[in-house]
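**Q** Handing over structure_20.cif, mmCIF, C-alpha atoms and all ligand atoms.
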```
data_start
loop_
_atom_site.label_atom_id
_atom_site.label_comp_id
_atom_site.auth_asym_id
_atom_site.auth_seq_id
_atom_site.Cartn_x
_atom_site.Cartn_y
_atom_site.Cartn_z
CA MET A 1 120.14 5.54 31.90
CA ALA A 2 119.68 7.98 29.07
CA THR A 3 116.75 10.00 27.81
CA PRO A 4 115.47 9.56 24.25
CA GLY A 5 116.31 12.38 21.86
CA SER A 6 114.46 13.52 18.76
CA GLU A 7 114.18 9.87 17.65
CA SER A 8 111.41 9.44 20.24
CA ILE A 9 108.92 10.63 17.60
CA TRP A 10 109.40 7.28 15.80
CA LEU A 11 109.02 5.37 19.05
CA TRP A 12 105.71 7.12 19.72
CA LEU A 13 104.58 6.33 16.18
CA GLY A 14 105.58 2.73 16.78
CA THR A 15 103.57 2.68 20.02
CA ALA A 16 100.51 4.05 18.23
CA GLY A 17 100.85 1.68 15.27
CA MET A 18 101.27 -1.41 17.42
CA THR A 19 98.36 -0.42 19.65
CA LEU A 20 96.04 0.20 16.70
CA GLY A 21 97.17 -3.11 15.19
CA THR A 22 96.40 -4.92 18.44
CA LEU A 23 92.93 -3.40 18.67
CA TYR A 24 92.24 -4.23 15.03
CA PHE A 25 93.24 -7.88 15.49
CA VAL A 26 91.13 -8.17 18.66
CA ALA A 27 88.12 -6.80 16.77
CA ARG A 28 88.82 -9.05 13.81
CA GLY A 29 89.02 -12.16 15.97
CA TRP A 30 85.92 -11.34 17.99
CA GLY A 31 83.35 -14.08 17.46
CA VAL A 32 85.72 -16.58 15.87
CA GLU A 33 84.61 -19.84 17.47
CA ASP A 34 86.95 -22.43 16.02
CA ALA A 35 89.81 -23.18 18.44
CA GLU A 36 92.40 -23.74 15.73
CA GLN A 37 91.54 -20.48 14.02
CA GLN A 38 91.47 -18.63 17.34
CA ARG A 39 95.07 -19.67 17.82
CA PHE A 40 96.22 -17.43 14.93
CA TYR A 41 94.37 -14.46 16.43
CA ILE A 42 95.75 -15.07 19.92
CA ILE A 43 99.34 -15.35 18.69
CA THR A 44 99.07 -12.31 16.42
CA ILE A 45 97.40 -10.18 19.11
CA PHE A 46 100.20 -10.93 21.56
CA ILE A 47 102.86 -10.07 18.97
CA THR A 48 101.60 -6.52 18.55
CA ALA A 49 100.61 -6.14 22.21
CA ILE A 50 104.15 -7.02 23.34
CA ALA A 51 105.64 -4.68 20.74
CA SER A 52 103.27 -1.91 21.81
CA ALA A 53 104.46 -2.19 25.43
CA ALA A 54 108.10 -2.29 24.29
CA TYR A 55 107.69 0.80 22.11
CA PHE A 56 105.98 2.71 24.91
CA ALA A 57 108.79 1.71 27.27
CA MET A 58 111.47 2.89 24.82
CA ALA A 59 109.63 6.15 24.03
CA THR A 60 109.62 6.98 27.74
CA GLY A 61 113.31 6.18 28.20
CA PHE A 62 113.13 2.67 29.61
CA GLY A 63 115.19 0.21 27.62
CA LEU A 64 117.78 2.74 26.51
CA THR A 65 121.38 2.60 27.63
CA GLN A 66 124.79 3.92 26.63
CA VAL A 67 127.74 1.76 25.73
CA THR A 68 131.23 3.17 25.41
CA VAL A 69 133.29 1.44 22.73
CA ASN A 70 136.86 2.69 22.23
CA GLY A 71 135.90 6.07 23.69
CA GLN A 72 132.85 6.38 21.45
CA VAL A 73 129.50 6.62 23.28
CA LEU A 74 126.69 4.67 21.62
CA ASP A 75 122.99 5.06 22.47
CA ILE A 76 121.57 1.55 22.48
CA TYR A 77 117.89 0.68 22.74
CA TRP A 78 118.14 -2.74 24.34
CA GLY A 79 114.37 -2.72 24.83
CA ARG A 80 114.04 -3.93 21.24
CA TYR A 81 115.69 -7.23 22.02
CA ALA A 82 113.32 -7.91 24.94
CA ASP A 83 110.48 -7.36 22.46
CA TRP A 84 112.02 -9.46 19.67
CA LEU A 85 112.91 -12.33 22.00
CA PHE A 86 109.20 -13.01 22.42
CA THR A 87 107.66 -11.63 19.24
CA THR A 88 109.92 -13.29 16.65
CA PRO A 89 109.22 -16.85 17.92
CA LEU A 90 105.50 -15.99 17.86
CA LEU A 91 105.76 -14.80 14.24
CA LEU A 92 107.48 -18.05 13.33
CA LEU A 93 104.79 -19.98 15.18
CA ASP A 94 102.06 -18.27 13.13
CA LEU A 95 103.71 -19.33 9.91
CA ALA A 96 104.64 -22.82 11.14
CA LEU A 97 101.08 -23.50 12.28
CA LEU A 98 99.74 -22.29 8.96
CA ALA A 99 102.04 -24.80 7.28
CA ARG A 100 101.22 -27.46 9.88
CA ALA A 101 104.93 -27.93 10.42
CA SER A 102 106.08 -30.70 12.75
CA LYS A 103 106.86 -29.97 16.39
CA ASN A 104 110.52 -30.67 15.75
CA THR A 105 110.57 -28.03 13.02
CA ILE A 106 108.96 -25.54 15.38
CA TYR A 107 111.48 -26.28 18.15
CA THR A 108 114.36 -25.89 15.69
CA LEU A 109 113.07 -22.57 14.40
CA VAL A 110 112.44 -21.18 17.88
CA GLY A 111 115.84 -22.38 19.12
CA LEU A 112 117.67 -20.72 16.23
CA ASP A 113 115.60 -17.59 16.70
CA VAL A 114 116.44 -17.32 20.41
CA LEU A 115 120.12 -17.80 19.56
CA MET A 116 119.86 -15.09 16.89
CA ILE A 117 118.30 -12.52 19.24
CA GLY A 118 120.49 -13.58 22.18
CA THR A 119 123.75 -13.19 20.28
CA GLY A 120 122.40 -9.98 18.73
CA VAL A 121 121.84 -8.37 22.14
CA ILE A 122 125.35 -9.36 23.26
CA GLY A 123 126.68 -7.65 20.14
CA ALA A 124 124.62 -4.56 20.90
CA LEU A 125 125.84 -4.29 24.49
CA ALA A 126 129.44 -5.54 24.10
CA ALA A 127 131.85 -2.79 25.09
CA SER A 128 135.13 -4.61 24.49
CA SER A 129 135.74 -3.42 20.91
CA ALA A 130 134.01 -2.67 17.64
CA PHE A 131 135.55 -5.83 16.22
CA VAL A 132 134.01 -8.06 18.91
CA ARG A 133 130.61 -6.44 18.32
CA ILE A 134 130.84 -7.18 14.62
CA VAL A 135 131.80 -10.79 15.32
CA TRP A 136 128.61 -11.16 17.41
CA TRP A 137 126.65 -9.60 14.57
CA ALA A 138 128.12 -12.18 12.19
CA ILE A 139 127.27 -15.06 14.56
CA SER A 140 123.71 -13.78 14.90
CA THR A 141 123.40 -13.45 11.13
CA VAL A 142 124.56 -17.05 10.65
CA PHE A 143 121.73 -18.16 12.97
CA LEU A 144 119.30 -16.10 10.91
CA LEU A 145 120.47 -17.79 7.70
CA PHE A 146 120.06 -21.27 9.24
CA LEU A 147 116.64 -20.25 10.49
CA LEU A 148 115.54 -19.11 7.04
CA TYR A 149 116.92 -22.29 5.49
CA PHE A 150 114.88 -24.53 7.83
CA LEU A 151 111.82 -22.33 7.43
CA LEU A 152 111.92 -22.44 3.63
CA ARG A 153 112.45 -26.19 3.69
CA ALA A 154 109.50 -26.77 6.00
CA LEU A 155 107.25 -24.47 3.96
CA SER A 156 108.07 -26.11 0.65
CA GLU A 157 107.29 -29.52 2.16
CA ALA A 158 104.01 -28.12 3.43
CA ALA A 159 103.10 -26.67 0.06
CA GLU A 160 102.28 -30.13 -1.32
CA ARG A 161 99.63 -30.61 1.36
CA GLN A 162 98.02 -27.17 1.05
CA THR A 163 95.08 -25.99 -1.02
CA PRO A 164 96.05 -23.40 -3.66
CA GLU A 165 94.68 -20.43 -1.69
CA VAL A 166 96.37 -21.49 1.56
CA ARG A 167 99.61 -22.06 -0.36
CA LYS A 168 99.35 -18.59 -1.85
CA LEU A 169 98.88 -17.03 1.59
CA THR A 170 101.81 -19.00 2.98
CA THR A 171 104.02 -17.88 0.09
CA THR A 172 103.09 -14.21 0.58
CA LEU A 173 103.84 -14.39 4.30
CA ARG A 174 107.06 -16.29 3.67
CA ASN A 175 108.27 -13.67 1.19
CA MET A 176 107.41 -10.85 3.57
CA LEU A 177 109.25 -12.56 6.40
CA VAL A 178 112.39 -13.35 4.42
CA VAL A 179 112.77 -9.86 2.94
CA LEU A 180 111.95 -7.98 6.15
CA TRP A 181 113.99 -10.14 8.51
CA LEU A 182 117.06 -9.90 6.26
CA ALA A 183 116.83 -6.10 6.50
CA TYR A 184 117.30 -6.09 10.29
CA PRO A 185 121.00 -7.07 10.34
CA VAL A 186 121.63 -4.53 7.57
CA VAL A 187 120.08 -1.67 9.56
CA TRP A 188 121.97 -2.84 12.65
CA ILE A 189 125.41 -2.92 11.06
CA LEU A 190 124.92 0.41 9.26
CA GLY A 191 123.34 2.01 12.32
CA THR A 192 124.57 2.99 15.77
CA GLU A 193 125.18 -0.62 16.86
CA GLY A 194 127.69 -1.29 14.09
CA THR A 195 129.85 1.65 15.34
CA ILE A 196 130.48 2.69 11.73
CA GLY A 197 127.58 5.09 12.11
CA ILE A 198 126.47 5.35 8.49
CA ILE A 199 122.84 5.61 9.62
CA PRO A 200 122.41 8.01 12.58
CA LEU A 201 120.24 6.97 15.54
CA TYR A 202 117.33 9.11 14.36
CA TRP A 203 117.02 7.32 11.01
CA GLU A 204 117.91 3.93 12.44
CA THR A 205 115.00 4.25 14.89
CA ALA A 206 112.71 5.19 12.00
CA ALA A 207 113.91 2.23 9.93
CA PHE A 208 113.37 -0.29 12.74
CA MET A 209 109.93 1.19 13.38
CA VAL A 210 108.88 0.72 9.75
CA LEU A 211 110.32 -2.81 9.71
CA ASP A 212 108.64 -3.72 13.01
CA LEU A 213 105.26 -2.38 11.94
CA THR A 214 105.42 -4.19 8.59
CA ALA A 215 106.74 -7.44 10.07
CA LYS A 216 104.09 -7.50 12.81
CA VAL A 217 101.00 -5.46 11.92
CA GLY A 218 101.45 -5.91 8.16
CA PHE A 219 102.16 -9.63 8.56
CA GLY A 220 99.18 -10.10 10.89
CA PHE A 221 96.93 -8.13 8.57
CA VAL A 222 97.79 -10.40 5.63
CA LEU A 223 97.45 -13.54 7.78
CA LEU A 224 94.06 -12.65 9.25
CA ARG A 225 92.68 -10.90 6.17
CA SER A 226 90.50 -13.75 5.03
CA HIS A 227 88.35 -15.83 7.38
CA SER A 228 87.72 -18.35 4.61
CA ILE A 229 91.41 -19.00 3.94
CA LEU A 230 92.08 -19.54 7.64
CA GLU A 231 89.15 -21.92 7.66
CA ALA A 232 90.64 -23.88 4.78
CA ALA A 233 94.06 -23.83 6.48
CA THR A 234 92.73 -25.34 9.68
CA GLN A 235 90.44 -27.94 8.12
CA SER A 236 92.36 -31.14 7.65
CA THR A 237 92.39 -31.82 3.96
CA GLY A 238 93.35 -35.44 4.28
CA ALA A 239 96.77 -34.53 5.62
CA ALA A 240 97.46 -35.27 9.27
CA PRO A 241 97.89 -32.13 11.32
CA THR A 242 101.25 -32.54 12.96
CA ALA A 243 101.50 -29.27 14.84
CA ASP A 244 99.29 -30.36 17.72
C1 LIG B 1 109.02 -7.76 14.98
C2 LIG B 1 110.42 -7.91 15.02
C3 LIG B 1 111.17 -8.64 14.13
C4 LIG B 1 110.54 -9.37 13.00
C5 LIG B 1 112.58 -8.64 14.35
C6 LIG B 1 113.46 -9.33 13.66
C7 LIG B 1 114.82 -9.20 13.99
C8 LIG B 1 115.88 -9.80 13.37
C9 LIG B 1 115.71 -10.75 12.25
C10 LIG B 1 117.18 -9.44 13.87
C11 LIG B 1 118.35 -9.94 13.46
C12 LIG B 1 119.69 -9.53 13.89
C13 LIG B 1 120.76 -10.11 13.25
C14 LIG B 1 120.59 -11.19 12.25
C15 LIG B 1 122.18 -9.70 13.52
C16 LIG B 1 122.31 -8.44 14.28
C17 LIG B 1 121.38 -8.35 15.40
C18 LIG B 1 119.91 -8.49 15.00
C19 LIG B 1 119.23 -8.92 16.29
C20 LIG B 1 119.39 -7.13 14.55
#
```
Starting from the coordinates I provided, produce the structure as structure tokens.
Ligand SMILES: *C/C=C(C)/C=C/C=C(C)/C=C/C1=C(C)CCCC1(C)C

**A**
Amino acid sequence: MATPGSESIWLWLGTAGMTLGTLYFVARGWGVEDAEQQRFYIITIFITAIASAAYFAMATGFGLTQVTVNGQVLDIYWGRYADWLFTTPLLLLDLALLARASKNTIYTLVGLDVLMIGTGVIGALAASSAFVRIVWWAISTVFLLFLLYFLLRALSEAAERQTPEVRKLTTTLRNMLVVLWLAYPVVWILGTEGTIGIIPLYWETAAFMVLDLTAKVGFGFVLLRSHSILEAATQSTGAAPTAD
């Protein structure tokens, strides 16, 4: 067990941001009657609610541990991975449902995602050597690249079936996801976890907080911004909905 240092300010900000995001999405979804549209609200609300609990836990010292690698003591917030294990599949589900991706696509994306987070947490906690940690990072990053490949393929297939406004929304969310998710392994390797220590824990915590808020609250805000687009996305426009 360890106690959070000055970086806890960012964890408290993360807690506040995720909580406000959750409340906003609840208010926004209030009164939405259509079951298919409700699904986007439910998923998005749970994403920020889970993250809010995880941030509160980390800010109060739960989910923080120390790993000694070659005599060097690293402060590791493993609480993040517990959060990401659930929230990243839900983010993918939001986007996959918007694109009416097939069940097999969804299973593939979730499977790769779980592998990515699972191998990432091993890398974060591995004490054997810096080299072994970086190998786990590389394995996790390969899963991320496969995930993005399958996601982009599924979304471009979906584009042909979508109305222009739904396609535009999907493209915006896709671009956000690709850019933000690719930043995570960069922060990790340059931060405490990578043992090189280019980014100190204080700034690493800030960077993850900004990424998390943008990838969850920002993403949800864009997704749920327009009731009419969600309506168009859930109305079958001749194409068979395959996600059910
Ligand atoms: C809301 C949280 C999100 C969107 C988190 C996304 C996290 C990742 C894409 C993490 C990826 C990682 C690697 C590709 C390698 C190193 C370990 C991770 C887990 C940071």

**Q** Could you pull the residues within 12 Å of Arg174 of chain A, counting only C-alpha atoms, minus those fewer than 6 positions along the same chain, as a list in words?

**A**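 Residues near the query, excluding close chain neighbours: Leu91, Leu92, Asp94, Leu95, Ala96, Leu98, Ala99, Leu148, Tyr149, Leu151, Leu152, Arg153, Ala154, Leu155, Ser156, Ala159, Arg167, Lys168, Leu180, Trp181, Ala215, Phe219, Val222 and Leu223 of chain A.
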
**Q** Could you give me, as JSON lines, every chain A residue with an atom at most 9 Å from ligand LIG 1 (chain B), plus its closest atom pair and distance in Å to one decimal, counting only C-alpha atoms and all ligand atoms, rows ordered by chain then number?

**A**
```
{"residue": "A:Ile47", "atom": "CA", "partner": "B:LIG1", "partner_atom": "C1", "distance": 7.7}
{"residue": "A:Thr48", "atom": "CA", "partner": "B:LIG1", "partner_atom": "C1", "distance": 8.3}
{"residue": "A:Ala51", "atom": "CA", "partner": "B:LIG1", "partner_atom": "C1", "distance": 7.4}
{"residue": "A:Arg80", "atom": "CA", "partner": "B:LIG1", "partner_atom": "C2", "distance": 8.2}
{"residue": "A:Tyr81", "atom": "CA", "partner": "B:LIG1", "partner_atom": "C19", "distance": 6.9}
{"residue": "A:Asp83", "atom": "CA", "partner": "B:LIG1", "partner_atom": "C2", "distance": 7.5}
{"residue": "A:Trp84", "atom": "CA", "partner": "B:LIG1", "partner_atom": "C2", "distance": 5.2}
{"residue": "A:Leu85", "atom": "CA", "partner": "B:LIG1", "partner_atom": "C5", "distance": 8.5}
{"residue": "A:Thr87", "atom": "CA", "partner": "B:LIG1", "partner_atom": "C1", "distance": 5.9}
{"residue": "A:Thr88", "atom": "CA", "partner": "B:LIG1", "partner_atom": "C4", "distance": 5.4}
{"residue": "A:Leu91", "atom": "CA", "partner": "B:LIG1", "partner_atom": "C4", "distance": 7.3}
{"residue": "A:Asp113", "atom": "CA", "partner": "B:LIG1", "partner_atom": "C9", "distance": 8.2}
{"residue": "A:Met116", "atom": "CA", "partner": "B:LIG1", "partner_atom": "C14", "distance": 6.1}
{"residue": "A:Ile117", "atom": "CA", "partner": "B:LIG1", "partner_atom": "C19", "distance": 4.7}
{"residue": "A:Gly118", "atom": "CA", "partner": "B:LIG1", "partner_atom": "C19", "distance": 7.6}
{"residue": "A:Thr119", "atom": "CA", "partner": "B:LIG1", "partner_atom": "C17", "distance": 7.3}
{"residue": "A:Gly120", "atom": "CA", "partner": "B:LIG1", "partner_atom": "C17", "distance": 3.8}
{"residue": "A:Val121", "atom": "CA", "partner": "B:LIG1", "partner_atom": "C19", "distance": 6.4}
{"residue": "A:Ile122", "atom": "CA", "partner": "B:LIG1", "partner_atom": "C17", "distance": 8.9}
{"residue": "A:Gly123", "atom": "CA", "partner": "B:LIG1", "partner_atom": "C17", "distance": 7.1}
{"residue": "A:Ala124", "atom": "CA", "partner": "B:LIG1", "partner_atom": "C17", "distance": 7.4}
{"residue": "A:Ile134", "atom": "CA", "partner": "B:LIG1", "partner_atom": "C16", "distance": 8.6}
{"residue": "A:Trp136", "atom": "CA", "partner": "B:LIG1", "partner_atom": "C16", "distance": 7.5}
{"residue": "A:Trp137", "atom": "CA", "partner": "B:LIG1", "partner_atom": "C16", "distance": 4.5}
{"residue": "A:Ala138", "atom": "CA", "partner": "B:LIG1", "partner_atom": "C15", "distance": 6.6}
{"residue": "A:Ile139", "atom": "CA", "partner": "B:LIG1", "partner_atom": "C15", "distance": 7.5}
{"residue": "A:Ser140", "atom": "CA", "partner": "B:LIG1", "partner_atom": "C15", "distance": 4.6}
{"residue": "A:Thr141", "atom": "CA", "partner": "B:LIG1", "partner_atom": "C14", "distance": 3.8}
{"residue": "A:Val142", "atom": "CA", "partner": "B:LIG1", "partner_atom": "C14", "distance": 7.3}
{"residue": "A:Phe143", "atom": "CA", "partner": "B:LIG1", "partner_atom": "C14", "distance": 7.1}
{"residue": "A:Leu144", "atom": "CA", "partner": "B:LIG1", "partner_atom": "C14", "distance": 5.3}
{"residue": "A:Leu145", "atom": "CA", "partner": "B:LIG1", "partner_atom": "C14", "distance": 8.0}
{"residue": "A:Leu177", "atom": "CA", "partner": "B:LIG1", "partner_atom": "C4", "distance": 7.4}
{"residue": "A:Val178", "atom": "CA", "partner": "B:LIG1", "partner_atom": "C9", "distance": 8.9}
{"residue": "A:Leu180", "atom": "CA", "partner": "B:LIG1", "partner_atom": "C4", "distance": 7.1}
{"residue": "A:Trp181", "atom": "CA", "partner": "B:LIG1", "partner_atom": "C9", "distance": 4.2}
{"residue": "A:Leu182", "atom": "CA", "partner": "B:LIG1", "partner_atom": "C9", "distance": 6.2}
{"residue": "A:Ala183", "atom": "CA", "partner": "B:LIG1", "partner_atom": "C9", "distance": 7.5}
{"residue": "A:Tyr184", "atom": "CA", "partner": "B:LIG1", "partner_atom": "C20", "distance": 4.9}
{"residue": "A:Pro185", "atom": "CA", "partner": "B:LIG1", "partner_atom": "C13", "distance": 4.2}
{"residue": "A:Val186", "atom": "CA", "partner": "B:LIG1", "partner_atom": "C20", "distance": 7.8}
{"residue": "A:Val187", "atom": "CA", "partner": "B:LIG1", "partner_atom": "C20", "distance": 7.4}
{"residue": "A:Trp188", "atom": "CA", "partner": "B:LIG1", "partner_atom": "C20", "distance": 5.4}
{"residue": "A:Ile189", "atom": "CA", "partner": "B:LIG1", "partner_atom": "C16", "distance": 7.1}
{"residue": "A:Glu193", "atom": "CA", "partner": "B:LIG1", "partner_atom": "C16", "distance": 8.7}
{"residue": "A:Gly194", "atom": "CA", "partner": "B:LIG1", "partner_atom": "C16", "distance": 9.0}
{"residue": "A:Phe208", "atom": "CA", "partner": "B:LIG1", "partner_atom": "C2", "distance": 8.5}
{"residue": "A:Leu211", "atom": "CA", "partner": "B:LIG1", "partner_atom": "C4", "distance": 7.3}
{"residue": "A:Asp212", "atom": "CA", "partner": "B:LIG1", "partner_atom": "C1", "distance": 4.5}
{"residue": "A:Leu213", "atom": "CA", "partner": "B:LIG1", "partner_atom": "C1", "distance": 7.2}
{"residue": "A:Thr214", "atom": "CA", "partner": "B:LIG1", "partner_atom": "C1", "distance": 8.2}
{"residue": "A:Ala215", "atom": "CA", "partner": "B:LIG1", "partner_atom": "C4", "distance": 5.2}
{"residue": "A:Lys216", "atom": "CA", "partner": "B:LIG1", "partner_atom": "C1", "distance": 5.4}
{"residue": "A:Val217", "atom": "CA", "partner": "B:LIG1", "partner_atom": "C1", "distance": 8.9}
```

**Q** Could you name the residues that touch Phe25 of chain A at 8 Å or less, counting only C-alpha atoms, but leaving out those on the same chain fewer than 2 positions away, as a list in words?

**A**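 Listed by chain and then number, they are Gly21, Thr22, Leu23, Ala27, Arg28, Gly29, Tyr41, Thr44, Ile45, Gly220, Phe221 and Leu224 of chain A.
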
**Q** Only C-alpha atoms, please: the residues just picked out, written as a CSV table (one decimal), in the coordinates of the input.

**A**
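Okay, this is what ended up in part_0.csv:
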```csv
chain,number,residue,atom,x,y,z
A,21,GLY,CA,97.2,-3.1,15.2
A,22,THR,CA,96.4,-4.9,18.4
A,23,LEU,CA,92.9,-3.4,18.7
A,27,ALA,CA,88.1,-6.8,16.8
A,28,ARG,CA,88.8,-9.0,13.8
A,29,GLY,CA,89.0,-12.2,16.0
A,41,TYR,CA,94.4,-14.5,16.4
A,44,THR,CA,99.1,-12.3,16.4
A,45,ILE,CA,97.4,-10.2,19.1
A,220,GLY,CA,99.2,-10.1,10.9
A,221,PHE,CA,96.9,-8.1,8.6
A,224,LEU,CA,94.1,-12.6,9.2
```

**Q** Using the file's own x, y and z axes, so that the box edges lie along x, y and z, what centre and edge lengths in Å (one decimal) does a box around every listed atom of segment 13-31 of chain A get when 6 Å is added on each side? Give it as AutoDock Vina command-line options.

**A**
```
--center_x 94.5 --center_y -3.9 --center_z 16.9 --size_x 34.2 --size_y 32.4 --size_z 18.2
```

**Q** With all atoms listed in the file counted, which protein, DNA or RNA residues have an atom no more than 12 Å from (107.9, 9.6, 17.7) in the file frame? Please answer as a VMD selection string.

**A** chain A and resid 4 to 17 55 to 56 58 to 60 202 to 203 205 to 206 209 to 210

**Q** For Val73 of chain A, which residue among A:Leu125, A:Thr19, A:Val166, A:Ala158 is the nearest when counting only C-alpha atoms?

**A** A:Leu125

**Q** When distances are computed from only C-alpha atoms, which of A:Leu20, A:Ala232, A:Ala53, A:Ala2 shows the smallest separation from Thr163 of chain A?

**A**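 Answer, going by the shortest atom-to-atom distance: A:Ala232.
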
**Q** Considering only C-alpha atoms, state which residue in the set A:Leu115, A:Ile50, A:Leu74, A:Val179 is at the smallest distance from Ile196 of chain A.

**A**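 Closest residue, counting only C-alpha atoms: A:Leu74.
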
**Q** To one decimal in Å, tell me the separation between atom CA of Gln162 of chain A and atom CA of Ser102 of chain A.

**A** 14.6 Å

**Q** Which residue gives the smallest distance to Gly71 of chain A among A:Thr234, A:Ser228, A:Thr3, A:Thr195, with all atoms listed in the file counted?

**A** A:Thr195

**Q** Report, in Å to a single decimal, how far apart atom CA of Phe146 of chain A and atom CA of Ser129 of chain A are.

**A**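 Computing the Euclidean distance for atom CA of Ser129 of chain A and atom CA of Phe146 of chain A yields 26.5 Å.
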
**Q** So how far away is atom CA of Ala207 of chain A from atom CA of Leu64 of chain A, in Å?

**A**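 One can read the atom CA of Leu64 of chain A to atom CA of Ala207 of chain A distance as 17.0 Å.
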
**Q** Since the input lacks atoms, please generate N, CA and C atoms for segment 34-56 of chain A and provide them as a compact mmCIF listing (two decimals), in the frame of the given file.

**A**
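In the end it all went to out.txt:
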```
# COMPACT_ATOMS: atom_id res chain seq x y z
N ASP A 34 86.12 -21.25 16.21
CA ASP A 34 86.95 -22.43 16.02
C ASP A 34 88.29 -22.29 16.76
N ALA A 35 88.62 -23.27 17.58
CA ALA A 35 89.81 -23.18 18.44
C ALA A 35 91.10 -23.05 17.63
N GLU A 36 91.18 -23.79 16.53
CA GLU A 36 92.40 -23.74 15.73
C GLU A 36 92.58 -22.39 15.05
N GLN A 37 91.44 -21.81 14.63
CA GLN A 37 91.54 -20.48 14.02
C GLN A 37 91.83 -19.41 15.07
N GLN A 38 91.23 -19.59 16.25
CA GLN A 38 91.47 -18.63 17.34
C GLN A 38 92.95 -18.52 17.64
N ARG A 39 93.64 -19.64 17.49
CA ARG A 39 95.07 -19.67 17.82
C ARG A 39 95.85 -18.61 17.03
N PHE A 40 95.52 -18.43 15.75
CA PHE A 40 96.22 -17.43 14.93
C PHE A 40 95.95 -16.01 15.45
N TYR A 41 94.71 -15.78 15.90
CA TYR A 41 94.37 -14.46 16.43
C TYR A 41 95.11 -14.21 17.74
N ILE A 42 95.10 -15.22 18.61
CA ILE A 42 95.75 -15.07 19.92
C ILE A 42 97.23 -14.75 19.73
N ILE A 43 97.90 -15.55 18.90
CA ILE A 43 99.34 -15.35 18.69
C ILE A 43 99.60 -13.96 18.12
N THR A 44 98.84 -13.58 17.11
CA THR A 44 99.07 -12.31 16.42
C THR A 44 98.77 -11.12 17.33
N ILE A 45 97.74 -11.25 18.16
CA ILE A 45 97.40 -10.18 19.11
C ILE A 45 98.55 -9.98 20.10
N PHE A 46 99.12 -11.09 20.59
CA PHE A 46 100.20 -10.93 21.56
C PHE A 46 101.46 -10.35 20.92
N ILE A 47 101.69 -10.64 19.65
CA ILE A 47 102.86 -10.07 18.97
C ILE A 47 102.81 -8.54 19.02
N THR A 48 101.67 -7.98 18.60
CA THR A 48 101.60 -6.52 18.55
C THR A 48 101.43 -5.92 19.94
N ALA A 49 100.78 -6.66 20.85
CA ALA A 49 100.61 -6.14 22.21
C ALA A 49 101.98 -6.04 22.90
N ILE A 50 102.81 -7.05 22.74
CA ILE A 50 104.15 -7.02 23.34
C ILE A 50 104.96 -5.87 22.74
N ALA A 51 104.88 -5.73 21.41
CA ALA A 51 105.64 -4.68 20.74
C ALA A 51 105.14 -3.30 21.18
N SER A 52 103.85 -3.18 21.38
CA SER A 52 103.27 -1.91 21.81
C SER A 52 103.84 -1.51 23.17
N ALA A 53 103.88 -2.46 24.10
CA ALA A 53 104.46 -2.19 25.43
C ALA A 53 105.93 -1.83 25.31
N ALA A 54 106.66 -2.55 24.45
CA ALA A 54 108.10 -2.29 24.29
C ALA A 54 108.33 -0.90 23.70
N TYR A 55 107.52 -0.52 22.73
CA TYR A 55 107.69 0.80 22.11
C TYR A 55 107.37 1.92 23.10
N PHE A 56 106.32 1.71 23.90
CA PHE A 56 105.98 2.71 24.91
C PHE A 56 107.12 2.85 25.92
```
